[in-house]
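**Q** If you scroll down you'll find the structure; I have some questions about it.
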Protein chains: 2
Amino acid sequence: MSKLALVALGGNALLRGDQLGTIEEQEKNTTDTLENLVHLIKDGYNLVITHGNGPQVGNILMRNDAGESMYSIAQMPLDICVADSQGGIGYMIERMMHNVLRKHGINREIVTLVTEVVVEKNDPAFKNPEKRIGKIYDRQKAEMLEKEKGWVFKEEVKSDGGWRRVVPSPKPIRIMNEKLIRILANEGHIVIAAGGGGVPVYIDKKNRVRPVEAVIDKDLASSLLASRIGANEFYILTDVSYVYINYKKENQEIKEFLDRKDTLKYLNEGMFSKGSMAPKIRASLFFIENGGEKSVITEAKKLEDKSYGTKITMEY
Amino acid sequence: MSKLALVALGGNALLRGDQLGTIEEQEKNTTDTLENLVHLIKDGYNLVITHGNGPQVGNILMRNDAGESMYSIAQMPLDICVADSQGGIGYMIERMMHNVLRKHGINREIVTLVTEVVVEKNDPAFKNPEKRIGKIYDRQKAEMLEKEKGWVFKEEVKSDGGWRRVVPSPKPIRIMNEKLIRILANEGHIVIAAGGGGVPVYIDKKNRVRPVEAVIDKDLASSLLASRIGANEFYILTDVSYVYINYKKENQEIKEFLDRKDTLKYLNEGMFSKGSMAPKIRASLFFIENGGEKSVITEAKKLEDKSYGTKITMEY
């Protein structure tokens, strides 16, 4: 049987922060990124692709705000916005992947699944919402929205100030359709799933699936999916070629190979930035601790040269 | 092997025109509709569900307009908006279906696919765009958008006037992932696909998949999918229990059974309204002319009683 890789595309792989967010930019970035996945396919890997949705769902939330202000269109809750973003981004990746594969004379079916991801209703994250989403409001409007919609706000620490909605980021515990994703991928289909960390839901006491207003970390959801489908390798594509310790300090050091023990040590020492590298490291650790052979953190454009990137394994 | 049915949910099955469009309304309507599909499942049918997206994609387009006006957020093209709506609506149907099935003690996997639908670039519809979408503008703003974005506008005929964007409604010729949908459905999974008639694309001379600014009729796309996956029966759920001839006239008559010959005759006589019943009739004819056993046009709430609804077959 072919080896199975799960590749998690970071926000930057689709849309960079310094860009306007037009569809042309997104299509160009996506194509450039996907070109690099062809190396894996040519090496005989089966492939599952997950992706971030930060800039896109941010725009969807802002459009919901604007649509309500200008045209009194009911705002959709966060779960629907995430699902919307899975549709739009998933379709874009699917179409671009199709074109990249045709260019290389490769004929593989590509299928995009809308994916719910289950969290625990009593996850401690619900007591301490920290993920900042959507528009920055002034205090008055924020207080109004708090009353009207029950949203929770935190003050922005950046120079401009203002108030921003925060939502919890609970731990993913199960991926809906994980068995099907496993089967489809092992049959050689390229599966796009669990976009934006998945649509967050929980199971209530009556065994019903219920929505939650939350954002699931996309690297953690990807790692859980990678492990559940028995992926051999887990790639996290981001904007650095390697994991560093003492990043941006004088004694900065590239780590090309990391075993579990050292990775845990550096993580506990606070070597990895809270909002960006630490979740990737935790996701990598989860993967290798749950049967995965190797987790790789690198840039998309480095996938051709296998020697690039940080490889995290149980033992080095 | 179990019989396979494809059920196309009309816009009303999810959100009625007289409603505000809140998520609570949509969830309630969807649950009520899906309760009726349980009868088919209990009768041993395998099931593919397609759905309209009129009110939802309308709202997404309006939010895109508002987001650009208020916050200068780049508008997404129509293909992305349709894909967004497939994500949001597909997720909602999937979650509600899960809960309805659990209530009835039925354990079936439900899977939602983002679906591209291929049209011909030289479809005559591109020369005569007729499908009205999005916001109604005044003449000045419409002229500006025509220049800026290349949109085409037609004047509204209703009392309030104004100008509305029109897009072509080309004929669907192929459904992406149709083989997979067939396999998944015949394995007993409930597949949600081809929402809103599918994301419209065409294949260019270099064999690339390219987007088009168009809306594909959801009944025609559903009918094509039903035929390609070898469905035995094709249900179009709408807001009338039967097909009528001389509808709303003194000699109005319910047609409970229609064969191909009579259906064609009534269609050619203009018995069915252009924007609503005629496409459903054409979709039904396509299905039975391409191997389908029976097409049923009725209300969702009538599915329990098999004697309800108009049954269209080759021979009566």
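By order in the structure tokens, chains are A, B, ...; within a chain, residues start at 1; ligands start at 1, following the order shown.
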Within 7 Å of chain A, which residues of chain B show up when using only C-alpha atoms, listed as a PyMOL selection string?

**A** chain B and resi 21-23+59+62-64+66-67+70+73-74+76+80-81+83-88+91+95+99+111-114+177+208-209

**Q** Looking only at strand (DSSP E) from DSSP on the backbone, list the matching residues of segment 59-252 of chain A as a ChimeraX atom specification.

**A** /A:110-114,116-119,131-137,152-155,163-167,172-175,190-192,199-203,209-211,233-238,243-245

**Q** Can you pull out the residues contacting Val167 of chain A? Cut-off 8 Å, using only C-alpha atoms, and skip same-chain residues under 3 positions away; I want them as a ChimeraX atom specification.

**A** /A:126,129-133,152,213-215

**Q** With a distance cut-off of 9 Å and only C-alpha atoms, select the neighbouring residues of segment 218-228 of chain A, excluding the residue or stretch itself and same-chain residues fewer than 6 positions from it, and output the selection as a VMD selection string.

**A** chain A and resid 4 to 8 10 48 to 53 117 171 to 175 178 to 179 181 to 182 193 to 198 234 236 279 to 280 282 to 288 290 to 292

**Q** Suppose we keep N, CA and C atoms; can you now write the selection as a CSV table (one decimal), in the first residue's frame?

**A**
```
chain,number,residue,atom,x,y,z
A,4,LEU,N,0.8,7.2,3.2
A,4,LEU,CA,-0.2,8.3,3.3
A,4,LEU,C,0.3,9.5,4.0
A,5,ALA,N,0.2,10.7,3.4
A,5,ALA,CA,0.7,11.9,4.0
A,5,ALA,C,-0.5,12.8,4.2
A,6,LEU,N,-0.5,13.5,5.3
A,6,LEU,CA,-1.5,14.6,5.5
A,6,LEU,C,-0.7,15.9,5.5
A,7,VAL,N,-1.1,16.8,4.6
A,7,VAL,CA,-0.4,18.1,4.5
A,7,VAL,C,-1.4,19.2,4.9
A,8,ALA,N,-1.0,20.0,5.9
A,8,ALA,CA,-1.8,21.1,6.4
A,8,ALA,C,-1.2,22.4,5.9
A,10,GLY,N,-0.9,26.3,5.7
A,10,GLY,CA,-1.1,27.4,6.5
A,10,GLY,C,-1.8,28.5,5.8
A,48,VAL,N,-3.9,13.6,1.9
A,48,VAL,CA,-5.1,14.4,2.4
A,48,VAL,C,-4.6,15.8,2.7
A,49,ILE,N,-5.3,16.8,2.3
A,49,ILE,CA,-5.0,18.2,2.4
A,49,ILE,C,-5.9,18.8,3.4
A,50,THR,N,-5.4,19.5,4.4
A,50,THR,CA,-6.2,20.4,5.3
A,50,THR,C,-5.7,21.8,5.1
A,51,HIS,N,-6.4,22.7,5.6
A,51,HIS,CA,-6.0,24.1,5.3
A,51,HIS,C,-6.5,25.1,6.4
A,52,GLY,N,-5.8,26.2,6.6
A,52,GLY,CA,-6.3,27.2,7.5
A,52,GLY,C,-7.4,28.1,6.8
A,53,ASN,N,-8.0,29.0,7.5
A,53,ASN,CA,-9.1,29.8,7.0
A,53,ASN,C,-9.0,31.2,7.6
A,117,VAL,N,-15.9,18.9,13.3
A,117,VAL,CA,-15.0,18.4,14.3
A,117,VAL,C,-15.6,18.5,15.7
A,171,LYS,N,-10.1,21.8,22.4
A,171,LYS,CA,-9.4,20.7,21.8
A,171,LYS,C,-10.2,19.8,20.9
A,172,PRO,N,-9.8,19.5,19.7
A,172,PRO,CA,-10.6,18.6,18.9
A,172,PRO,C,-10.5,17.2,19.4
A,173,ILE,N,-11.6,16.5,19.5
A,173,ILE,CA,-11.5,15.1,20.0
A,173,ILE,C,-12.0,14.0,19.0
A,174,ARG,N,-12.7,14.5,18.0
A,174,ARG,CA,-13.1,13.5,16.9
A,174,ARG,C,-13.4,14.2,15.6
A,175,ILE,N,-13.0,13.6,14.5
A,175,ILE,CA,-13.3,14.2,13.2
A,175,ILE,C,-14.4,13.4,12.6
A,178,GLU,N,-14.1,10.5,9.6
A,178,GLU,CA,-12.7,10.2,9.5
A,178,GLU,C,-12.5,8.8,8.8
A,179,LYS,N,-13.4,7.9,9.0
A,179,LYS,CA,-13.2,6.6,8.4
A,179,LYS,C,-13.3,6.7,6.9
A,181,ILE,N,-12.7,9.4,5.1
A,181,ILE,CA,-11.5,10.1,4.6
A,181,ILE,C,-10.4,9.1,4.4
A,182,ARG,N,-10.2,8.2,5.4
A,182,ARG,CA,-9.2,7.2,5.4
A,182,ARG,C,-9.3,6.3,4.1
A,193,ALA,N,-10.1,18.2,3.4
A,193,ALA,CA,-11.0,18.1,4.6
A,193,ALA,C,-10.5,18.9,5.7
A,194,ALA,N,-11.4,19.0,6.7
A,194,ALA,CA,-11.1,19.7,8.0
A,194,ALA,C,-10.6,21.1,7.9
A,195,GLY,N,-11.1,21.8,6.9
A,195,GLY,CA,-10.6,23.2,6.7
A,195,GLY,C,-10.9,24.1,7.9
A,196,GLY,N,-9.9,25.0,8.1
A,196,GLY,CA,-10.1,25.9,9.3
A,196,GLY,C,-10.2,25.2,10.6
A,197,GLY,N,-9.7,24.0,10.7
A,197,GLY,CA,-9.8,23.3,12.0
A,197,GLY,C,-11.1,22.5,12.1
A,198,GLY,N,-12.0,22.7,11.1
A,198,GLY,CA,-13.3,22.0,11.1
A,198,GLY,C,-14.4,22.9,11.7
A,234,PHE,N,3.2,13.6,8.4
A,234,PHE,CA,2.3,14.8,8.7
A,234,PHE,C,3.1,16.1,8.4
A,236,ILE,N,3.3,20.2,8.1
A,236,ILE,CA,2.7,21.5,8.4
A,236,ILE,C,3.5,22.5,7.6
A,279,PRO,N,1.7,25.8,18.7
A,279,PRO,CA,0.6,24.9,18.3
A,279,PRO,C,1.1,23.9,17.3
A,280,LYS,N,2.0,24.3,16.4
A,280,LYS,CA,2.5,23.4,15.4
A,280,LYS,C,3.3,22.3,16.0
A,282,ARG,N,3.1,21.2,19.2
A,282,ARG,CA,2.1,20.4,19.9
A,282,ARG,C,1.4,19.4,19.0
A,283,ALA,N,1.0,19.9,17.8
A,283,ALA,CA,0.3,19.1,16.8
A,283,ALA,C,1.3,18.0,16.3
A,284,SER,N,2.6,18.3,16.1
A,284,SER,CA,3.6,17.3,15.7
A,284,SER,C,3.8,16.3,16.7
A,285,LEU,N,3.9,16.7,18.0
A,285,LEU,CA,4.1,15.8,19.1
A,285,LEU,C,2.9,14.8,19.2
A,286,PHE,N,1.7,15.3,19.1
A,286,PHE,CA,0.5,14.5,19.2
A,286,PHE,C,0.6,13.4,18.1
A,287,PHE,N,1.0,13.8,16.9
A,287,PHE,CA,1.0,12.9,15.8
A,287,PHE,C,2.0,11.8,16.0
A,288,ILE,N,3.2,12.1,16.4
A,288,ILE,CA,4.2,11.0,16.6
A,288,ILE,C,3.9,10.2,17.8
A,290,ASN,N,1.1,9.3,18.7
A,290,ASN,CA,-0.1,8.5,18.4
A,290,ASN,C,0.1,7.6,17.1
A,291,GLY,N,1.3,7.2,16.9
A,291,GLY,CA,1.6,6.2,15.8
A,291,GLY,C,2.2,6.8,14.5
A,292,GLY,N,2.2,8.1,14.4
A,292,GLY,CA,2.8,8.7,13.2
A,292,GLY,C,4.3,8.5,13.1
```

**Q** Hey, what's within 8 Å of segment 136-141 of chain A if we count only C-alpha atoms and toss same-chain stuff fewer than 2 positions away? As a ChimeraX atom specification, please?

**A** /A:134,143-145,156,162-165

**Q** Neighbouring residues of segment 298-301 of chain A were defined as those with any atom within 9 Å, considering only C-alpha atoms; residues of the same chain fewer than 3 positions away were excluded. Please report them as a PyMOL selection string.

**A** chain A and resi 9+13+32-37+235-243+304-305+308-311

**Q** Would you mind exporting the chosen residues as a CSV table (one decimal), in the first residue's frame, restricted to N, CA and C atoms?

**A**
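So the final result, stored in out.csv, reads:
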```csv
chain,number,residue,atom,x,y,z
A,9,LEU,N,-2.0,23.0,5.1
A,9,LEU,CA,-1.6,24.3,4.4
A,9,LEU,C,-1.9,25.5,5.4
A,13,ALA,N,-0.1,30.0,2.8
A,13,ALA,CA,-0.1,29.2,1.6
A,13,ALA,C,-1.2,29.6,0.6
A,32,ASP,N,0.9,28.0,-6.5
A,32,ASP,CA,2.3,27.9,-6.2
A,32,ASP,C,2.5,26.8,-5.1
A,33,THR,N,1.7,26.8,-4.1
A,33,THR,CA,1.8,25.9,-3.0
A,33,THR,C,1.5,24.5,-3.5
A,34,LEU,N,0.5,24.3,-4.3
A,34,LEU,CA,0.1,22.9,-4.7
A,34,LEU,C,1.2,22.3,-5.6
A,35,GLU,N,1.8,23.2,-6.4
A,35,GLU,CA,2.9,22.7,-7.3
A,35,GLU,C,3.9,21.8,-6.5
A,36,ASN,N,4.1,22.2,-5.2
A,36,ASN,CA,5.1,21.5,-4.4
A,36,ASN,C,4.6,20.2,-3.9
A,37,LEU,N,3.3,20.0,-3.8
A,37,LEU,CA,2.7,18.8,-3.4
A,37,LEU,C,2.9,17.7,-4.4
A,235,TYR,N,2.7,16.8,7.4
A,235,TYR,CA,3.4,18.0,7.0
A,235,TYR,C,2.7,19.3,7.4
A,236,ILE,N,3.3,20.2,8.1
A,236,ILE,CA,2.7,21.5,8.4
A,236,ILE,C,3.5,22.5,7.6
A,237,LEU,N,2.8,23.1,6.6
A,237,LEU,CA,3.4,24.1,5.7
A,237,LEU,C,3.2,25.5,6.2
A,238,THR,N,4.3,26.2,6.5
A,238,THR,CA,4.1,27.5,7.1
A,238,THR,C,5.1,28.5,6.4
A,239,ASP,N,5.5,29.6,7.1
A,239,ASP,CA,6.3,30.6,6.4
A,239,ASP,C,7.8,30.6,6.8
A,240,VAL,N,8.2,29.5,7.5
A,240,VAL,CA,9.6,29.4,7.8
A,240,VAL,C,10.0,28.0,7.3
A,241,SER,N,11.3,27.8,6.9
A,241,SER,CA,11.8,26.6,6.3
A,241,SER,C,12.1,25.6,7.4
A,242,TYR,N,12.4,26.1,8.6
A,242,TYR,CA,12.8,25.2,9.7
A,242,TYR,C,12.2,25.7,11.0
A,243,VAL,N,12.2,24.8,12.0
A,243,VAL,CA,12.0,25.2,13.4
A,243,VAL,C,13.3,25.7,14.0
A,304,GLU,N,10.3,20.0,-2.5
A,304,GLU,CA,11.0,19.2,-3.5
A,304,GLU,C,12.3,18.6,-3.0
A,305,ASP,N,13.0,19.4,-2.2
A,305,ASP,CA,14.2,19.0,-1.6
A,305,ASP,C,14.0,18.4,-0.2
A,308,TYR,N,15.3,19.5,3.3
A,308,TYR,CA,14.9,20.7,3.9
A,308,TYR,C,13.8,20.4,5.0
A,309,GLY,N,13.7,21.4,5.9
A,309,GLY,CA,12.6,21.3,6.9
A,309,GLY,C,13.0,20.6,8.1
A,310,THR,N,12.2,20.9,9.2
A,310,THR,CA,12.5,20.2,10.5
A,310,THR,C,11.7,18.9,10.5
A,311,LYS,N,12.4,17.8,10.8
A,311,LYS,CA,11.7,16.5,10.9
A,311,LYS,C,11.6,16.1,12.4
```
